[in-house]
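Reviewing the structure listed below.
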Amino acid sequence: MTLPTEPIGSIPRPDYLVAGLGDFAEGRIDAAALAELESRALADTISRFEETGSPVVTDGEQGKPSFATYPLAGLTALAPDGVVIPFADGHTRQLPRLTAGPFRYATHADEYLTRAKALTGKPVKQAVIAASALSLIYPADGIEGYSQEQFVADLVNEAEADIRRSLEAGADSVQIDFTEGRLSLKLDPSGGLLRQFVELNNAVLDRFTAEERAKIGVHTCPGGDQDSVHSLDVDYAGLLPALFDLKAGRFFVQLASEADPERALGVIAENLKADQRLFIGVTDPIDPRVETAEEVRDRVLTAAKFIAPDRLGTCDDCGFSPFADDTSTSRDIAFAKITARVEGTKLAAEKLG
């Protein structure tokens with residue numbers, strides 16, 4: 001048998017692109033010069049992905065400012081003082097705050113997809129940000145003349161368009177990044193915020209057919225930025241039952257860095273729906289040590305004790321550089337881990353087959 005294996009999304013940007021992003025922010029280069037650097041990095045990323053033997057590739061998010069904020073790049077109705085996300089090592093990331101409506105995406109993900117597809121004959125997966133994550137940009141005290149209900153309606157329309165445009169542009173699949181799912185239980189241990197997030201994301205997914213939803217996946221992890229996390233201390237058992245209520249066909253679940261993956265697999269086995277496939281994380285982007293193919297194999301074989309092999313696949317726990325300025329992991333280590341994932345998945349398939 002064969003087991004599908006896929007990347008999550010981001011790859012660390014080359015030094016020249018990281019420097020170029022800084023130069024662009026400071027006005028030392030223009031948008032055209034930055035676009036040239038992004039194109040160079042994209043071509044190198046696709047080439048190195050192909051060298052790993054990965055059956056599915058991504059653009060590595062070389063052109064995204066971050067996995068979460070790409071739709072907002074270029075919008076003017078934003079203030080910098082939005083929701084703050086604290087990480088375990090003490091650093092924070094801050095979302096912008098919306099100041100006026102109507103809300104529209106400035107950039108849709110199919111723009112990245114189209115550029116990547118022009119450089120490879122391999123299937124290309126496209127990551128998009130969840131509507132629930134972007135819902136956090138609406139201020140708690142509201143916006144005069146633009147109600148939260150109006151914002152949510154606009155947000156659902158835009159999130160649907162983001163997914164649909166990528167599918168229509170030929171994405172092999174579309175992955176919704178839902179890292180805020182586990183974080184929501186730290187913000188609201190009652191689970192109320194998590195249920196709101198699930199309902200909002202399902203309002204988007206409800207607009208797709210069952211056939212389309214089979215090509216739509218959801219990724220969950222406890223965050224990964226500058227070799228730190230924001231919610232690994234939150235019990236997975238609080239998230240996983242609600243996660244599989246999302247009306248998607250694929251789920252990409254961080255497990256390599258989980259303290260008790262077998263416990264998590266038990267909860268997954270109880271909640272995974274009949275029409276859903278599970279991709280387990282078998283490499284940890286935060287750990288600088290490169291996993292061996294044999295370690296990856298053994299993680300898959302453990303998962304196969306809980307989930308039927310024909311419903312299994314593998315992935316990395318998270319993207320390797322979800323924010324453009326995150327250089328905590330090198331490109332070489334990222335691609336070495338991807339190679340280990342690909343080779344280890346093949347070993348597991350041979351053992352199971």
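Residue numbering restarts at 1 for every chain of the structure tokens, chains are lettered A, B, ... in their displayed order, and ligands are numbered from 1 as they appear.
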
(request) DSSP on the backbone, then: every residue of stretch 108-314 of chain A marked strand (DSSP E), written as a ChimeraX atom specification. (result) /A:125-129,173-177,216-220,250-253,277-283,312-314

Please identify every residue of stretch 19-70 of chain A that has at least one atom no farther than 12 Å from an atom of stretch 207-229 of chain A, counting only C-alpha atoms, and for each give the shortest atom pair and the distance in Å to one decimal, arranged by chain then increasing number, as CSV.
```
residue,atom,partner,partner_atom,distance
A:Ser66,CA,A:Asp225,CA,10.7
A:Phe67,CA,A:Asp225,CA,11.2
A:Ala68,CA,A:Gly223,CA,11.6
```

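Of the listed residues A:Thr329, A:Thr107, A:Thr292, A:Ser47, the one whose atoms come nearest to A:Gly74 is A:Thr107, with distances taken using only C-alpha atoms.
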
(message) Among stretch 83-250 of chain A, which residues does DSSP mark as helix (DSSP H, G or I) when it is run on the backbone? Keep the chain and numbering as in the structure and answer as a PyMOL selection string.
(response) chain A and resi 110-117+131-137+148-168+180-187+192-205+210-213+236-243

Please provide the set of residues having any atom within 8 Å of A:Ala116, restricted to only C-alpha atoms, with same-chain residues fewer than 2 positions apart removed, written as a PDB file with C-alpha atoms, in the first residue's frame.
```pdb
ATOM      1  CA  LEU A  42      10.076  30.384  -4.657  1.00  0.00           C
ATOM      2  CA  ILE A  46      10.084  24.252  -5.343  1.00  0.00           C
ATOM      3  CA  THR A  58       3.798  23.920  -1.468  1.00  0.00           C
ATOM      4  CA  ASP A  59       5.196  27.340  -2.278  1.00  0.00           C
ATOM      5  CA  TYR A 112       0.604  32.243  -4.471  1.00  0.00           C
ATOM      6  CA  LEU A 113      -0.689  28.962  -5.866  1.00  0.00           C
ATOM      7  CA  THR A 114      -0.586  30.110  -9.486  1.00  0.00           C
ATOM      8  CA  ALA A 118       4.043  27.432 -13.019  1.00  0.00           C
ATOM      9  CA  LEU A 119       7.306  26.003 -11.637  1.00  0.00           C
ATOM     10  CA  THR A 120       6.451  22.333 -11.096  1.00  0.00           C
ATOM     11  CA  VAL A 124       0.589  21.765  -5.222  1.00  0.00           C
TER      12      VAL A 124
END
```

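In this comparison, which uses only C-alpha atoms, the residue of A:Ala237, A:Ala161, A:Ile268, A:Ile286 approaching A:Ala256 most closely is A:Ile286.
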
(request) Rank A:Asp233, A:Glu350, A:Glu144, A:Glu258 by their smallest atom-to-atom distance to A:Phe87, using only C-alpha atoms, and report the top residue only. (result) A:Asp233
